[in-house]
Amino acid sequence: MRVVLADDHHIVREGLRLIIDSDPDIQIVGEARDVAELLALLEEVETDILLLDIRMPGLSGLDALENLRERHRTLKVIILTMYDDPSYVRRAVELGASAYLLKSVDREELLRAIHAVREGKSYIQGELSGPLIARMADPHAGHVGDLTLEEIQMLEMLADGVDNRRLAAQLGLSEAAVKARLRAVYSTLGVSRRSEAVAIALRLGLIT
């Protein structure tokens with residue numbers, strides 16, 4: 001099977017290559033450091049499976065999933081990331097990912113997941129499945145998966161007491177844009193003020 005690696009850290013791609021090259025049934029046909037490079041690469045090489053990180057420069061892996069769902073419908077995607085938040089798992093699956101693994105995964109489980117996905121199966125790393133099920137049972141579970149990485153970052157900054165002016169400066173936005181985005185976050189979480197948004201985000205484990 002033909003695999004592409006998408007991760008902005010060279011050492012991560014190098015480690016993945018060492019593991020995957022040990023399986024004679026898998027061939028790495030390309031590597032990408034960001035989403036733009038990935039999309040260009042996928043137009044050039046025939047690929048069965050994509051190993052995709054969530055956090056990369058520019059567009060995120062979740063942004064890439066939305067694009068891939070339209071342009072590469074047969075491509076199977078395995079998310080491989082350091083983020084163990086169940087809301088990310090849920091959102092990735094909603095966007096079409098076949099598997100979700102943490103970068104702490106061992107060699108055997110990584111290869112097992114790749115083969116399972118190739119066979120048309122879904123795969124979520126064992127240590128993530130329990131928290132994911134608990135999150136889906138929460139009354140807010142239908143909403144938190146719609147938050148973007150930037151919106152979760154904003155919630156983290158709110159929890160640290162950052163005001164709108166500093167939020168605008170740190171995010172490179174106008175204060176009016178910050179207020180609009182915060183209203184969207186509040187709406188997603190079903191709250192009306194920042195203290196409630198922070199409380200729910202902390203309870204659900206979106207922020208720490």
# chains A, B, ... in the order shown; residues from 1 in each chain; ligands from 1
>>> residues_around(residues="stretch 58-71 of chain A", least_positions_apart="2", cutoff="8 Å", atoms="only C-alpha atoms", output="ChimeraX atom specification")
/A:34-36,52-56,73,75,91-92,95-97
>>> select_by_dssp(residues="stretch 39-187 of chain A", states="helix (DSSP H, G or I)", output="number ranges by chain")
A: 39-42, 61-71, 86-94, 107-118, 126-136, 141-144, 149-159, 164-171, 175-187
>>> write_last_selection(atoms="C-alpha atoms", output="CSV table (one decimal), in the first residue's frame")
chain,number,residue,atom,x,y,z
A,39,LEU,CA,-2.3,19.0,-1.4
A,40,ALA,CA,0.2,19.6,-4.2
A,41,LEU,CA,1.9,16.3,-3.5
A,42,LEU,CA,-1.4,14.4,-3.6
A,61,GLY,CA,-4.8,18.9,9.7
A,62,LEU,CA,-8.5,19.3,10.3
A,63,ASP,CA,-8.6,22.0,7.7
A,64,ALA,CA,-6.9,19.5,5.3
A,65,LEU,CA,-9.5,16.8,6.1
A,66,GLU,CA,-12.3,19.1,4.9
A,67,ASN,CA,-10.4,19.7,1.6
A,68,LEU,CA,-9.5,16.1,1.1
A,69,ARG,CA,-13.1,15.0,1.6
A,70,GLU,CA,-14.0,17.0,-1.5
A,71,ARG,CA,-10.9,16.3,-3.7
A,86,PRO,CA,-11.7,13.7,22.6
A,87,SER,CA,-13.2,16.7,20.9
A,88,TYR,CA,-10.4,16.5,18.3
A,89,VAL,CA,-11.0,12.8,17.9
A,90,ARG,CA,-14.7,13.3,17.3
A,91,ARG,CA,-14.2,16.1,14.9
A,92,ALA,CA,-11.6,14.2,12.9
A,93,VAL,CA,-13.9,11.2,12.6
A,94,GLU,CA,-16.8,13.5,11.5
A,107,ARG,CA,5.5,0.3,16.3
A,108,GLU,CA,3.2,-2.7,16.4
A,109,GLU,CA,0.0,-0.6,16.9
A,110,LEU,CA,0.9,1.9,14.2
A,111,LEU,CA,1.4,-0.9,11.7
A,112,ARG,CA,-1.8,-2.6,12.9
A,113,ALA,CA,-3.8,0.6,12.4
A,114,ILE,CA,-2.4,1.1,8.9
A,115,HIS,CA,-3.4,-2.4,7.8
A,116,ALA,CA,-6.8,-2.1,9.5
A,117,VAL,CA,-7.5,1.2,7.6
A,118,ARG,CA,-6.4,-0.3,4.4
A,126,GLY,CA,-7.4,2.2,22.9
A,127,GLU,CA,-6.5,4.9,25.5
A,128,LEU,CA,-8.6,7.4,23.6
A,129,SER,CA,-11.8,5.4,23.2
A,130,GLY,CA,-13.0,5.7,26.8
A,131,PRO,CA,-12.7,9.5,27.1
A,132,LEU,CA,-14.3,9.8,23.7
A,133,ILE,CA,-17.3,7.8,24.7
A,134,ALA,CA,-17.7,9.8,27.9
A,135,ARG,CA,-17.5,13.1,25.9
A,136,MET,CA,-20.1,11.9,23.5
A,141,ALA,CA,-20.8,16.8,22.9
A,142,GLY,CA,-22.7,17.8,19.8
A,143,HIS,CA,-21.2,21.2,19.9
A,144,VAL,CA,-17.6,21.1,21.2
A,149,LEU,CA,-7.9,25.0,17.1
A,150,GLU,CA,-7.8,28.8,17.1
A,151,GLU,CA,-11.1,29.0,19.1
A,152,ILE,CA,-9.7,26.6,21.7
A,153,GLN,CA,-6.6,28.7,21.8
A,154,MET,CA,-8.8,31.7,22.5
A,155,LEU,CA,-10.5,29.8,25.4
A,156,GLU,CA,-7.1,29.0,26.8
A,157,MET,CA,-6.3,32.7,26.7
A,158,LEU,CA,-9.6,33.7,28.3
A,159,ALA,CA,-8.8,31.2,31.2
A,164,ASN,CA,-10.1,41.4,24.2
A,165,ARG,CA,-7.5,44.0,23.4
A,166,ARG,CA,-4.6,41.6,24.2
A,167,LEU,CA,-6.5,38.8,22.4
A,168,ALA,CA,-6.7,41.0,19.3
A,169,ALA,CA,-3.0,41.8,19.5
A,170,GLN,CA,-1.8,38.2,20.0
A,171,LEU,CA,-4.1,36.8,17.2
A,175,GLU,CA,-11.1,43.9,18.6
A,176,ALA,CA,-14.4,43.8,16.6
A,177,ALA,CA,-13.3,40.5,15.0
A,178,VAL,CA,-12.3,39.1,18.4
A,179,LYS,CA,-15.7,40.0,19.8
A,180,ALA,CA,-17.4,38.3,16.8
A,181,ARG,CA,-15.4,35.2,17.2
A,182,LEU,CA,-16.0,35.0,20.9
A,183,ARG,CA,-19.8,35.3,20.3
A,184,ALA,CA,-19.5,32.4,17.9
A,185,VAL,CA,-17.6,30.4,20.6
A,186,TYR,CA,-20.2,31.2,23.2
A,187,SER,CA,-22.9,30.1,20.8
>>> closest_residue(among="A:Leu206, A:Ala201, A:Ile28, A:Ile49", to="A:Glu14", atoms="only C-alpha atoms")
A:Ile28
>>> select_by_dssp(residues="stretch 28-206 of chain A", states="strand (DSSP E or B)", output="MDAnalysis selection string")
chainID A and resid 28:32 49:52 76:81 99:102 123:124
>>> write_last_selection(atoms="C-alpha atoms", output="mmCIF file, in the first residue's frame")
data_model
loop_
_atom_site.group_PDB
_atom_site.id
_atom_site.type_symbol
_atom_site.label_atom_id
_atom_site.label_comp_id
_atom_site.auth_asym_id
_atom_site.auth_seq_id
_atom_site.Cartn_x
_atom_site.Cartn_y
_atom_site.Cartn_z
ATOM 1 C CA ILE A 28 6.121 5.628 1.542
ATOM 2 C CA VAL A 29 5.593 7.579 -1.682
ATOM 3 C CA GLY A 30 5.935 11.128 -0.378
ATOM 4 C CA GLU A 31 6.293 13.534 2.546
ATOM 5 C CA ALA A 32 4.835 16.986 3.215
ATOM 6 C CA ILE A 49 -3.276 6.168 3.031
ATOM 7 C CA LEU A 50 -2.265 9.522 4.507
ATOM 8 C CA LEU A 51 -0.681 9.856 7.953
ATOM 9 C CA LEU A 52 -1.646 13.395 8.959
ATOM 10 C CA LYS A 76 -7.972 6.997 3.751
ATOM 11 C CA VAL A 77 -6.596 9.250 6.483
ATOM 12 C CA ILE A 78 -4.942 8.351 9.768
ATOM 13 C CA ILE A 79 -4.543 11.242 12.204
ATOM 14 C CA LEU A 80 -1.241 10.945 14.078
ATOM 15 C CA THR A 81 -0.889 13.703 16.647
ATOM 16 C CA ALA A 99 -8.112 6.355 12.439
ATOM 17 C CA TYR A 100 -6.803 8.529 15.262
ATOM 18 C CA LEU A 101 -3.472 7.746 16.927
ATOM 19 C CA LEU A 102 -1.187 9.545 19.344
ATOM 20 C CA TYR A 123 -9.204 2.498 14.337
ATOM 21 C CA ILE A 124 -9.032 4.648 17.471
#
